[in-house]
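Q: Input structure: run-v1.cif, which contains mmCIF, C-alpha atoms.
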data_entry
#
loop_
_atom_site.label_atom_id
_atom_site.label_comp_id
_atom_site.auth_asym_id
_atom_site.auth_seq_id
_atom_site.Cartn_x
_atom_site.Cartn_y
_atom_site.Cartn_z
CA MET C 10 -43.32 -14.54 132.90
CA SER C 11 -44.79 -17.85 131.86
CA ASP C 12 -44.40 -18.87 128.25
CA ARG C 13 -44.59 -22.05 126.23
CA LEU C 14 -41.34 -22.36 124.36
CA ARG C 15 -40.79 -24.58 121.38
CA PRO C 16 -37.30 -25.36 120.08
CA ASP C 17 -38.44 -26.14 116.52
CA SER C 18 -38.46 -22.49 115.47
CA THR C 19 -34.73 -22.33 114.76
CA ILE C 20 -35.09 -23.04 111.03
CA ASP C 21 -38.04 -20.63 110.72
CA LEU C 22 -36.16 -17.63 112.12
CA ALA C 23 -32.87 -18.56 110.47
CA ALA C 24 -34.56 -18.77 107.07
CA SER C 25 -36.38 -15.46 107.60
CA ALA C 26 -33.17 -13.81 108.78
CA GLY C 27 -31.29 -15.05 105.74
CA THR C 28 -33.95 -13.71 103.40
CA LEU C 29 -34.05 -10.33 105.14
CA LEU C 30 -30.24 -10.12 105.12
CA GLY C 31 -30.39 -10.57 101.35
CA VAL C 32 -32.99 -7.80 101.05
CA LEU C 33 -30.81 -5.48 103.13
CA ARG C 34 -27.72 -6.12 101.04
CA GLU C 35 -29.62 -5.71 97.77
CA ALA C 36 -31.03 -2.31 98.80
CA PRO C 37 -28.91 -0.94 101.67
CA PRO C 38 -31.18 0.88 104.15
CA LEU C 39 -30.12 4.40 105.06
CA THR C 40 -29.67 4.05 108.81
CA HIS C 41 -29.73 7.25 110.83
CA CYS C 42 -27.77 6.95 114.07
CA ILE C 43 -27.77 9.34 116.99
CA THR C 44 -25.35 7.45 119.14
CA ASN C 45 -22.72 7.96 121.77
CA ALA C 46 -19.34 9.49 121.10
CA VAL C 47 -17.49 6.39 122.26
CA VAL C 48 -18.88 4.13 119.54
CA THR C 49 -19.68 6.30 116.51
CA GLY C 50 -16.94 5.00 114.22
CA PHE C 51 -17.37 1.36 115.23
CA THR C 52 -21.12 1.56 114.74
CA ALA C 53 -20.74 3.03 111.27
CA ASN C 54 -18.27 0.31 110.30
CA VAL C 55 -20.58 -2.42 111.62
CA LEU C 56 -23.43 -1.06 109.50
CA LEU C 57 -21.22 -0.89 106.42
CA ALA C 58 -19.99 -4.42 107.03
CA VAL C 59 -23.45 -5.94 107.27
CA GLY C 60 -24.53 -4.09 104.13
CA ALA C 61 -26.38 -0.99 105.38
CA ALA C 62 -25.67 2.69 104.75
CA PRO C 63 -24.87 4.60 107.97
CA ALA C 64 -25.51 8.30 108.60
CA MET C 65 -24.45 9.80 111.92
CA VAL C 66 -26.64 12.91 111.92
CA ASP C 67 -26.98 14.40 115.42
CA ILE C 68 -27.24 18.14 114.71
CA VAL C 69 -30.30 20.11 115.76
CA ASN C 70 -32.31 21.37 112.76
CA GLU C 71 -30.98 18.49 110.65
CA ALA C 72 -31.84 15.43 112.73
CA GLY C 73 -35.61 15.66 112.34
CA MET C 74 -35.47 16.21 108.61
CA PHE C 75 -33.03 13.36 108.15
CA ALA C 76 -35.10 10.94 110.23
CA GLY C 77 -37.96 11.58 107.86
CA VAL C 78 -36.01 10.37 104.82
CA ALA C 79 -34.00 7.59 106.49
CA SER C 80 -34.98 3.93 106.35
CA GLY C 81 -34.42 3.45 110.08
CA LEU C 82 -33.31 5.44 113.12
CA LEU C 83 -31.29 4.56 116.22
CA VAL C 84 -31.36 6.80 119.30
CA ASN C 85 -28.67 5.73 121.75
CA LEU C 86 -28.38 7.60 125.06
CA GLY C 87 -24.79 6.72 125.88
CA THR C 88 -23.38 10.28 125.92
CA PRO C 89 -26.45 12.56 125.91
CA THR C 90 -24.95 16.03 125.50
CA PRO C 91 -27.42 18.93 125.36
CA GLU C 92 -27.14 19.04 121.55
CA GLN C 93 -27.70 15.31 121.24
CA ARG C 94 -30.68 15.40 123.60
CA ALA C 95 -32.37 18.05 121.50
CA ALA C 96 -31.46 16.25 118.28
CA SER C 97 -32.85 12.99 119.65
CA VAL C 98 -36.21 14.53 120.45
CA GLU C 99 -36.28 16.20 117.05
CA ALA C 100 -35.32 13.00 115.23
CA VAL C 101 -37.93 10.90 117.01
CA THR C 102 -40.60 13.45 116.15
CA GLY C 103 -39.50 13.34 112.51
CA ALA C 104 -39.49 9.55 112.49
CA VAL C 105 -42.97 9.32 114.01
CA VAL C 106 -44.41 11.77 111.48
CA ALA C 107 -42.77 9.97 108.55
CA GLY C 108 -43.42 6.44 109.81
CA THR C 109 -39.70 5.67 109.98
CA PRO C 110 -39.04 2.69 112.27
CA TRP C 111 -36.83 3.61 115.19
CA VAL C 112 -34.90 1.96 118.00
CA LEU C 113 -34.38 3.34 121.50
CA ASP C 114 -31.24 2.20 123.35
CA PRO C 115 -31.55 3.54 126.92
CA VAL C 116 -27.88 3.20 127.84
CA ALA C 117 -27.06 3.29 131.57
CA ILE C 118 -30.40 4.69 132.65
CA GLY C 119 -31.68 4.32 136.20
CA ALA C 120 -29.56 6.20 138.71
CA LEU C 121 -28.37 8.86 136.22
CA PRO C 122 -31.11 11.51 136.12
CA VAL C 123 -30.58 13.32 132.80
CA ARG C 124 -30.57 10.29 130.54
CA THR C 125 -33.27 8.57 132.57
CA ALA C 126 -35.68 11.47 132.13
CA LEU C 127 -34.89 11.61 128.42
CA ALA C 128 -35.46 7.86 128.03
CA HIS C 129 -38.91 8.15 129.59
CA GLN C 130 -39.73 11.12 127.39
CA LEU C 131 -38.70 9.25 124.24
CA VAL C 132 -40.28 5.90 125.06
CA ALA C 133 -43.64 7.65 125.34
CA GLN C 134 -43.34 8.17 121.55
CA CYS C 135 -43.66 4.39 121.11
CA PRO C 136 -40.37 3.14 119.62
CA THR C 137 -40.58 0.40 117.05
CA ALA C 138 -38.00 -1.41 119.17
CA ILE C 139 -36.25 -0.99 122.50
CA ARG C 140 -32.85 -2.62 123.00
CA GLY C 141 -30.97 -2.78 126.26
CA ASN C 142 -29.40 -5.02 128.84
CA ALA C 143 -31.53 -6.44 131.63
CA SER C 144 -30.85 -3.63 134.11
CA GLU C 145 -31.66 -0.95 131.52
CA ILE C 146 -34.94 -2.63 130.60
CA LEU C 147 -35.91 -2.95 134.26
CA ALA C 148 -35.07 0.71 134.85
CA LEU C 149 -37.08 1.84 131.82
CA ALA C 150 -40.05 -0.11 133.18
CA GLY C 151 -39.61 1.61 136.56
CA LEU C 152 -38.67 -1.60 138.35
CA SER C 153 -34.98 -0.97 139.08
CA ALA C 154 -32.44 1.77 139.68
CA GLY C 155 -30.35 0.43 136.79
CA GLY C 156 -27.06 -1.42 136.64
CA ARG C 157 -23.44 -0.46 137.20
CA GLY C 158 -22.99 2.16 134.50
CA VAL C 159 -23.37 0.37 131.18
CA ASP C 160 -23.02 -3.06 132.80
CA ALA C 161 -26.06 -5.11 133.76
CA THR C 162 -26.41 -6.34 137.33
CA ASP C 163 -29.59 -8.30 136.54
CA THR C 164 -30.17 -11.44 134.49
CA THR C 165 -32.07 -11.55 131.21
CA ASP C 166 -34.81 -13.70 132.74
CA ALA C 167 -35.19 -11.21 135.61
CA ALA C 168 -36.14 -8.59 133.01
CA ALA C 169 -38.60 -10.78 131.11
CA ASP C 170 -41.74 -9.42 132.76
CA ALA C 171 -40.47 -5.85 132.38
CA ALA C 172 -39.84 -6.49 128.68
CA VAL C 173 -43.36 -7.80 128.18
CA SER C 174 -44.78 -4.83 130.10
CA LEU C 175 -42.90 -2.31 127.96
CA ALA C 176 -43.84 -4.11 124.75
CA THR C 177 -47.51 -4.15 125.68
CA ARG C 178 -47.63 -0.56 126.92
CA PHE C 179 -45.80 1.06 124.00
CA GLY C 180 -46.44 -1.38 121.15
CA SER C 181 -42.71 -1.98 120.82
CA VAL C 182 -40.53 -4.99 120.25
CA VAL C 183 -38.26 -5.25 123.29
CA ALA C 184 -34.87 -6.93 122.99
CA VAL C 185 -33.02 -7.78 126.20
CA SER C 186 -29.37 -8.49 125.45
CA GLY C 187 -27.42 -11.01 127.50
CA PRO C 188 -25.86 -14.48 127.28
CA VAL C 189 -29.25 -15.49 125.85
CA ASP C 190 -31.08 -12.63 124.12
CA LEU C 191 -34.79 -12.35 124.90
CA ILE C 192 -36.98 -10.62 122.32
CA THR C 193 -40.72 -10.06 122.70
CA ASP C 194 -43.60 -8.08 121.23
CA GLY C 195 -45.73 -8.72 124.31
CA GLN C 196 -47.44 -11.74 122.76
CA ARG C 197 -44.59 -13.79 121.34
CA VAL C 198 -41.16 -14.38 122.81
CA LEU C 199 -37.91 -15.52 121.20
CA ARG C 200 -34.74 -16.60 122.96
CA ILE C 201 -31.52 -16.57 120.94
CA ALA C 202 -28.57 -18.36 122.54
CA ASN C 203 -25.93 -17.34 120.00
CA GLY C 204 -23.08 -14.89 120.59
CA ASP C 205 -19.73 -14.76 122.32
CA GLU C 206 -18.42 -13.24 125.55
CA LEU C 207 -15.91 -11.17 123.57
CA LEU C 208 -18.77 -8.89 122.54
CA THR C 209 -18.76 -7.58 126.12
CA ARG C 210 -15.05 -6.75 125.93
CA VAL C 211 -15.23 -4.47 122.89
CA THR C 212 -16.54 -0.93 123.28
CA GLY C 213 -19.72 -0.64 121.27
CA GLY C 214 -20.58 -4.32 121.02
CA GLY C 215 -24.10 -3.76 122.29
CA CYS C 216 -24.57 -0.26 120.92
CA ALA C 217 -23.76 -1.40 117.38
CA LEU C 218 -26.40 -4.12 117.67
CA GLY C 219 -29.02 -1.41 118.17
CA ALA C 220 -27.93 0.15 114.89
CA VAL C 221 -28.11 -3.21 113.11
CA MET C 222 -31.66 -3.60 114.44
CA ALA C 223 -32.55 -0.19 113.01
CA ALA C 224 -31.09 -1.26 109.66
CA PHE C 225 -33.03 -4.52 109.62
CA LEU C 226 -36.23 -2.68 110.52
CA GLY C 227 -35.55 -0.32 107.64
CA ALA C 228 -35.13 -3.24 105.26
CA ALA C 229 -38.17 -5.02 106.68
CA ARG C 230 -40.69 -2.21 106.15
CA PRO C 231 -40.80 -2.30 102.31
CA ALA C 232 -40.53 -6.09 102.39
CA GLY C 233 -43.60 -6.44 104.61
CA VAL C 234 -41.72 -8.21 107.40
CA ASP C 235 -42.99 -7.69 110.95
CA ALA C 236 -40.90 -5.90 113.55
CA LEU C 237 -40.36 -8.91 115.82
CA THR C 238 -38.91 -10.92 112.95
CA ALA C 239 -36.73 -7.99 111.88
CA VAL C 240 -35.30 -7.39 115.36
CA ALA C 241 -34.71 -11.08 115.98
CA SER C 242 -33.09 -11.44 112.56
CA ALA C 243 -30.68 -8.61 113.37
CA SER C 244 -29.78 -10.27 116.67
CA LEU C 245 -29.26 -13.65 115.02
CA VAL C 246 -27.06 -12.30 112.22
CA TYR C 247 -25.01 -10.24 114.67
CA THR C 248 -24.49 -12.99 117.25
CA ILE C 249 -23.63 -15.70 114.74
CA ALA C 250 -21.11 -13.33 113.15
CA ALA C 251 -19.69 -12.79 116.65
CA GLU C 252 -19.24 -16.54 117.08
CA GLN C 253 -17.45 -16.77 113.75
CA ALA C 254 -15.25 -13.79 114.66
CA ALA C 255 -14.33 -15.33 118.01
CA LEU C 256 -13.03 -18.45 116.27
CA ARG C 257 -10.58 -16.28 114.32
CA SER C 258 -9.53 -14.08 117.24
CA THR C 259 -6.87 -14.16 119.92
CA GLY C 260 -8.45 -11.45 122.08
CA PRO C 261 -10.65 -8.33 122.05
CA GLY C 262 -8.49 -6.38 119.59
CA SER C 263 -8.46 -8.99 116.87
CA PHE C 264 -12.09 -9.81 117.62
CA ALA C 265 -13.25 -6.26 116.84
CA VAL C 266 -11.67 -6.46 113.38
CA ALA C 267 -12.81 -10.04 112.81
CA LEU C 268 -16.39 -9.08 113.68
CA LEU C 269 -16.50 -6.63 110.78
CA ASP C 270 -15.18 -9.31 108.43
CA ALA C 271 -17.66 -11.86 109.76
CA LEU C 272 -20.61 -9.49 109.36
CA ALA C 273 -19.63 -8.92 105.75
CA ALA C 274 -19.28 -12.64 105.08
CA VAL C 275 -22.13 -14.24 107.06
CA ASP C 276 -24.72 -15.83 104.78
CA PRO C 277 -28.08 -17.62 105.02
CA ALA C 278 -26.42 -21.04 105.21
CA ASP C 279 -24.41 -19.91 108.25
CA LEU C 280 -27.62 -18.79 109.95
CA ILE C 281 -29.40 -22.09 109.38
CA ALA C 282 -26.38 -24.10 110.48
CA GLY C 283 -25.63 -22.06 113.59
CA ALA C 284 -28.90 -20.69 114.98
CA ARG C 285 -29.92 -21.65 118.51
CA VAL C 286 -33.45 -20.28 118.92
CA GLU C 287 -36.54 -21.04 120.95
CA SER C 288 -39.89 -19.36 120.48
CA GLY C 289 -43.09 -19.27 122.44
CA VAL C 290 -46.47 -17.65 122.99
CA LEU C 291 -47.12 -15.86 126.26
#
Could you write out this structure as structure tokens?
A:
Amino acid sequence: MSDRLRPDSTIDLAASAGTLLGVLREAPPLTHCITNAVVTGFTANVLLAVGAAPAMVDIVNEAGMFAGVASGLLVNLGTPTPEQRAASVEAVTGAVVAGTPWVLDPVAIGALPVRTALAHQLVAQCPTAIRGNASEILALAGLSAGGRGVDATDTTDAAADAAVSLATRFGSVVAVSGPVDLITDGQRVLRIANGDELLTRVTGGGCALGAVMAAFLGAARPAGVDALTAVASASLVYTIAAEQAALRSTGPGSFAVALLDALAAVDPADLIAGARVESGVL
């Protein structure tokens, strides 16, 4: 992928993220999460900390209805039991009908057949956003067999063309998580170099980010903010909070608690002071 990056966009995104964070906290978006069993509690606490209202509704005959009244929806394929698979399809259908923005997190797809087939079925419904690591994004684009379970074996830059392809094909914002997050809508690209390695040592560090993206998309819709800005704002808020949490931590255990505190405390001034962002046009 060839793009023309400019480093002067840091203040632009940081200011937009700060404004959208204020909107979210003023009117907490009801954020519907169908997520994996390993991270449910942590994800709910992350959403509460940042200022959103979590709802973990993954029951068939409720999920579709709830997606229609929620502000945003996350579908995470980390532990896709039969009930969750059916609820995910139902919820996405409800979200599409209602116009609810939704995020697909295709966890560990590629070599694992059940979740891979489900990911391809769901992505055809044109998610508002797709969030994954580089190997997951490559697998969703049909260019890789995936990583090692939930761990990426590919670099963020290696998945750049796949991200652009998915964004163009499905009209989605695609966020590739890594040491430098890459976020694109197929025309524009943002690279966010914030974050901390401790995020990879806490179960749910990436999965919770997908939920935060759903919350920011939910806040963005009534505010008239575009999806790329909303997804990038979520990433920036989350990764700067992670940096602040790491400074107050002695290891993964204290980091997980400090991250919740940092998400609750992060403010627009922190975003402007700490953002490391480049943007470009493809």
Q: If the PyMOL selection byres ((chain C and resi 251) around 8) were run on this exact file, what residues would it hold? Put them as a PyMOL selection string.
A: chain C and resi 204-205+208+247-250+252-255+268+271
Q: Give one line per residue of stretch 103-142 of chain C that approaches stretch 162-183 of chain C to at most 7 Å, naming the two atoms of the closest pair and their distance in Å to one decimal, counting all atoms listed in the file; sort by chain then ascending residue number and deliver it as a tab-separated table.
A:
residue	atom	partner	partner_atom	distance
C:Cys135	CA	C:Phe179	CA	4.9
C:Pro136	CA	C:Ser181	CA	5.8
C:Thr137	CA	C:Ser181	CA	4.9
C:Ala138	CA	C:Val182	CA	4.5
C:Ile139	CA	C:Val183	CA	4.8
C:Arg140	CA	C:Val183	CA	6.0
Q: Select, from C:Ala243, C:Ala202, C:Pro115, C:Gly219, the residue with the minimum atom-to-atom distance to C:His41, counting all atoms listed in the file.
A: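 Using all atoms listed in the file, C:His41 sits closest to C:Gly219.
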Q: Pick the closest to C:Ala100 from C:Leu56, C:Phe51, C:Asp279, C:Cys42: which is it, counting only C-alpha atoms?
A: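 Closest to C:Ala100, using only C-alpha atoms: C:Cys42.
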Q: Could you state the separation of atom CA of C:Gln134 and atom CA of C:Glu99 in Å, given to one decimal place?
A: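 So the two atoms, atom CA of C:Gln134 and atom CA of C:Glu99, lie 11.6 Å apart.
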Q: Tell me, in Å to one decimal, how far atom CA of C:Leu57 is from atom CA of C:Ala217.
A: 11.3 Å
Q: Given all atoms listed in the file as the basis, pick out the residue of C:Ala46, C:Ala53, C:Ala95, C:Ala76 nearest to C:Gly227.
A: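 Among the listed residues, C:Ala76 lies closest to C:Gly227.
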Q: With the file shown as input, list the residues that the PyMOL selection byres ((chain C and resi 284) around 10) selects, as a ChimeraX atom specification.
A: /C:18-20,22-24,201-204,245-246,248-249,279-283,285-287
Q: Store the residues of this selection in a file with C-alpha atoms, as a PDB file, keeping the file's coordinate frame.
A:
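Output file result22.pdb follows:
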ATOM      1  CA  SER C  18     -38.460 -22.490 115.470  1.00  0.00           C
ATOM      2  CA  THR C  19     -34.730 -22.330 114.760  1.00  0.00           C
ATOM      3  CA  ILE C  20     -35.090 -23.040 111.030  1.00  0.00           C
ATOM      4  CA  LEU C  22     -36.160 -17.630 112.120  1.00  0.00           C
ATOM      5  CA  ALA C  23     -32.870 -18.560 110.470  1.00  0.00           C
ATOM      6  CA  ALA C  24     -34.560 -18.770 107.070  1.00  0.00           C
ATOM      7  CA  ILE C 201     -31.520 -16.570 120.940  1.00  0.00           C
ATOM      8  CA  ALA C 202     -28.570 -18.360 122.540  1.00  0.00           C
ATOM      9  CA  ASN C 203     -25.930 -17.340 120.000  1.00  0.00           C
ATOM     10  CA  GLY C 204     -23.080 -14.890 120.590  1.00  0.00           C
ATOM     11  CA  LEU C 245     -29.260 -13.650 115.020  1.00  0.00           C
ATOM     12  CA  VAL C 246     -27.060 -12.300 112.220  1.00  0.00           C
ATOM     13  CA  THR C 248     -24.490 -12.990 117.250  1.00  0.00           C
ATOM     14  CA  ILE C 249     -23.630 -15.700 114.740  1.00  0.00           C
ATOM     15  CA  ASP C 279     -24.410 -19.910 108.250  1.00  0.00           C
ATOM     16  CA  LEU C 280     -27.620 -18.790 109.950  1.00  0.00           C
ATOM     17  CA  ILE C 281     -29.400 -22.090 109.380  1.00  0.00           C
ATOM     18  CA  ALA C 282     -26.380 -24.100 110.480  1.00  0.00           C
ATOM     19  CA  GLY C 283     -25.630 -22.060 113.590  1.00  0.00           C
ATOM     20  CA  ARG C 285     -29.920 -21.650 118.510  1.00  0.00           C
ATOM     21  CA  VAL C 286     -33.450 -20.280 118.920  1.00  0.00           C
ATOM     22  CA  GLU C 287     -36.540 -21.040 120.950  1.00  0.00           C
TER      23      GLU C 287
END
Q: Tell me which residues come within 10 Å of (-34.5, -8.1, 119.1), as a ChimeraX atom specification, counting all atoms listed in the file in the file's coordinates.
A: /C:138-141,182-186,190-194,198-201,218-219,222,236-245
Q: Restricting the calculation to all atoms listed in the file, which member of C:Glu206, C:Ala224, C:Ala229, C:Ala62 is positioned closest to C:Phe264?
A: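 Looking only at the distances to C:Phe264, the closest residue turns out to be C:Glu206.
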Q: Which one of C:Leu113, C:Cys216, C:Ile118, C:Ala61 sits closest to C:Asn45 if you count all atoms listed in the file?
A: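 With all atoms listed in the file as the atom set, the closest residue is C:Cys216.
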Q: Using only C-alpha atoms, what residues lie at most 7 Å away from (-33.7, 4.0, 117.8) (file coordinates), given as a VMD selection string?
A: chain C and resid 82 to 85 111 to 114 136 223
Q: With distances taken over only C-alpha atoms, which of C:Leu127, C:Val116, C:Asp235, C:Val106 is nearest to C:Ala26?
A: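 Nearest to C:Ala26: C:Asp235.
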Q: Between atom CA of C:Ala117 and atom CA of C:Met65, what is the distance in Å, rounded to a tenth?
A: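 Answer for the atom CA of C:Ala117 to atom CA of C:Met65 separation: 20.9 Å.
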Q: The PyMOL selection byres ((chain C and resi 273) around 8) - which residues does that actually catch in the file I just gave you? List them as a PyMOL selection string.
A: chain C and resi 58-60+269-272+274-275
Q: Quick one: residues within 10 Å of C:Ile68, only C-alpha atoms, excluding same-chain residues fewer than 2 positions away - as a ChimeraX atom specification?
A: /C:43,65-66,70-73,75,92-97,99-100
Q: Could you model N, CA, C and O atoms for stretch 93-113 of chain C and present them as a PDB file, in the coordinates of the input?
A:
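Wrote it out as out33.pdb, contents follow:
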ATOM      1  N   GLN C  93     -27.168  16.621 121.607  1.00  0.00           N
ATOM      2  CA  GLN C  93     -27.700  15.310 121.240  1.00  0.00           C
ATOM      3  C   GLN C  93     -29.096  15.086 121.806  1.00  0.00           C
ATOM      4  O   GLN C  93     -29.937  14.453 121.164  1.00  0.00           O
ATOM      5  N   ARG C  94     -29.342  15.569 123.022  1.00  0.00           N
ATOM      6  CA  ARG C  94     -30.680  15.400 123.600  1.00  0.00           C
ATOM      7  C   ARG C  94     -31.721  16.093 122.737  1.00  0.00           C
ATOM      8  O   ARG C  94     -32.771  15.525 122.421  1.00  0.00           O
ATOM      9  N   ALA C  95     -31.428  17.313 122.347  1.00  0.00           N
ATOM     10  CA  ALA C  95     -32.370  18.050 121.500  1.00  0.00           C
ATOM     11  C   ALA C  95     -32.519  17.382 120.135  1.00  0.00           C
ATOM     12  O   ALA C  95     -33.631  17.287 119.592  1.00  0.00           O
ATOM     13  N   ALA C  96     -31.405  16.918 119.583  1.00  0.00           N
ATOM     14  CA  ALA C  96     -31.460  16.250 118.280  1.00  0.00           C
ATOM     15  C   ALA C  96     -32.239  14.949 118.362  1.00  0.00           C
ATOM     16  O   ALA C  96     -32.959  14.576 117.415  1.00  0.00           O
ATOM     17  N   SER C  97     -32.120  14.247 119.484  1.00  0.00           N
ATOM     18  CA  SER C  97     -32.850  12.990 119.650  1.00  0.00           C
ATOM     19  C   SER C  97     -34.353  13.218 119.654  1.00  0.00           C
ATOM     20  O   SER C  97     -35.116  12.501 118.985  1.00  0.00           O
ATOM     21  N   VAL C  98     -34.786  14.217 120.406  1.00  0.00           N
ATOM     22  CA  VAL C  98     -36.210  14.530 120.450  1.00  0.00           C
ATOM     23  C   VAL C  98     -36.707  14.939 119.068  1.00  0.00           C
ATOM     24  O   VAL C  98     -37.768  14.498 118.602  1.00  0.00           O
ATOM     25  N   GLU C  99     -35.920  15.748 118.389  1.00  0.00           N
ATOM     26  CA  GLU C  99     -36.280  16.200 117.050  1.00  0.00           C
ATOM     27  C   GLU C  99     -36.346  15.031 116.068  1.00  0.00           C
ATOM     28  O   GLU C  99     -37.280  14.929 115.252  1.00  0.00           O
ATOM     29  N   ALA C 100     -35.368  14.138 116.144  1.00  0.00           N
ATOM     30  CA  ALA C 100     -35.320  13.000 115.230  1.00  0.00           C
ATOM     31  C   ALA C 100     -36.486  12.057 115.462  1.00  0.00           C
ATOM     32  O   ALA C 100     -37.091  11.544 114.504  1.00  0.00           O
ATOM     33  N   VAL C 101     -36.806  11.791 116.714  1.00  0.00           N
ATOM     34  CA  VAL C 101     -37.930  10.900 117.010  1.00  0.00           C
ATOM     35  C   VAL C 101     -39.229  11.496 116.494  1.00  0.00           C
ATOM     36  O   VAL C 101     -40.064  10.796 115.903  1.00  0.00           O
ATOM     37  N   THR C 102     -39.407  12.790 116.674  1.00  0.00           N
ATOM     38  CA  THR C 102     -40.600  13.450 116.150  1.00  0.00           C
ATOM     39  C   THR C 102     -40.673  13.298 114.630  1.00  0.00           C
ATOM     40  O   THR C 102     -41.729  12.970 114.072  1.00  0.00           O
ATOM     41  N   GLY C 103     -39.538  13.504 113.962  1.00  0.00           N
ATOM     42  CA  GLY C 103     -39.500  13.340 112.510  1.00  0.00           C
ATOM     43  C   GLY C 103     -39.789  11.922 112.082  1.00  0.00           C
ATOM     44  O   GLY C 103     -40.490  11.685 111.084  1.00  0.00           O
ATOM     45  N   ALA C 104     -39.259  10.949 112.822  1.00  0.00           N
ATOM     46  CA  ALA C 104     -39.490   9.550 112.490  1.00  0.00           C
ATOM     47  C   ALA C 104     -40.956   9.180 112.666  1.00  0.00           C
ATOM     48  O   ALA C 104     -41.546   8.476 111.831  1.00  0.00           O
ATOM     49  N   VAL C 105     -41.560   9.641 113.756  1.00  0.00           N
ATOM     50  CA  VAL C 105     -42.970   9.320 114.010  1.00  0.00           C
ATOM     51  C   VAL C 105     -43.857   9.899 112.911  1.00  0.00           C
ATOM     52  O   VAL C 105     -44.756   9.228 112.395  1.00  0.00           O
ATOM     53  N   VAL C 106     -43.603  11.132 112.533  1.00  0.00           N
ATOM     54  CA  VAL C 106     -44.410  11.770 111.480  1.00  0.00           C
ATOM     55  C   VAL C 106     -44.263  11.027 110.161  1.00  0.00           C
ATOM     56  O   VAL C 106     -45.243  10.801 109.435  1.00  0.00           O
ATOM     57  N   ALA C 107     -43.035  10.610 109.830  1.00  0.00           N
ATOM     58  CA  ALA C 107     -42.770   9.970 108.550  1.00  0.00           C
ATOM     59  C   ALA C 107     -43.052   8.467 108.550  1.00  0.00           C
ATOM     60  O   ALA C 107     -43.059   7.840 107.489  1.00  0.00           O
ATOM     61  N   GLY C 108     -43.250   7.893 109.730  1.00  0.00           N
ATOM     62  CA  GLY C 108     -43.420   6.440 109.810  1.00  0.00           C
ATOM     63  C   GLY C 108     -42.124   5.675 109.716  1.00  0.00           C
ATOM     64  O   GLY C 108     -42.112   4.483 109.397  1.00  0.00           O
ATOM     65  N   THR C 109     -41.004   6.329 110.000  1.00  0.00           N
ATOM     66  CA  THR C 109     -39.700   5.670 109.980  1.00  0.00           C
ATOM     67  C   THR C 109     -39.553   4.802 111.227  1.00  0.00           C
ATOM     68  O   THR C 109     -39.719   5.295 112.348  1.00  0.00           O
ATOM     69  N   PRO C 110     -39.241   3.520 111.080  1.00  0.00           N
ATOM     70  CA  PRO C 110     -39.040   2.690 112.270  1.00  0.00           C
ATOM     71  C   PRO C 110     -37.825   3.160 113.057  1.00  0.00           C
ATOM     72  O   PRO C 110     -36.811   3.549 112.467  1.00  0.00           O
ATOM     73  N   TRP C 111     -37.936   3.112 114.396  1.00  0.00           N
ATOM     74  CA  TRP C 111     -36.830   3.610 115.190  1.00  0.00           C
ATOM     75  C   TRP C 111     -36.604   2.762 116.427  1.00  0.00           C
ATOM     76  O   TRP C 111     -37.516   2.119 116.939  1.00  0.00           O
ATOM     77  N   VAL C 112     -35.358   2.770 116.879  1.00  0.00           N
ATOM     78  CA  VAL C 112     -34.900   1.960 118.000  1.00  0.00           C
ATOM     79  C   VAL C 112     -34.414   2.884 119.107  1.00  0.00           C
ATOM     80  O   VAL C 112     -33.626   3.793 118.860  1.00  0.00           O
ATOM     81  N   LEU C 113     -34.859   2.627 120.319  1.00  0.00           N
ATOM     82  CA  LEU C 113     -34.380   3.340 121.500  1.00  0.00           C
ATOM     83  C   LEU C 113     -33.431   2.433 122.268  1.00  0.00           C
ATOM     84  O   LEU C 113     -33.804   1.315 122.627  1.00  0.00           O
TER      85      LEU C 113
END
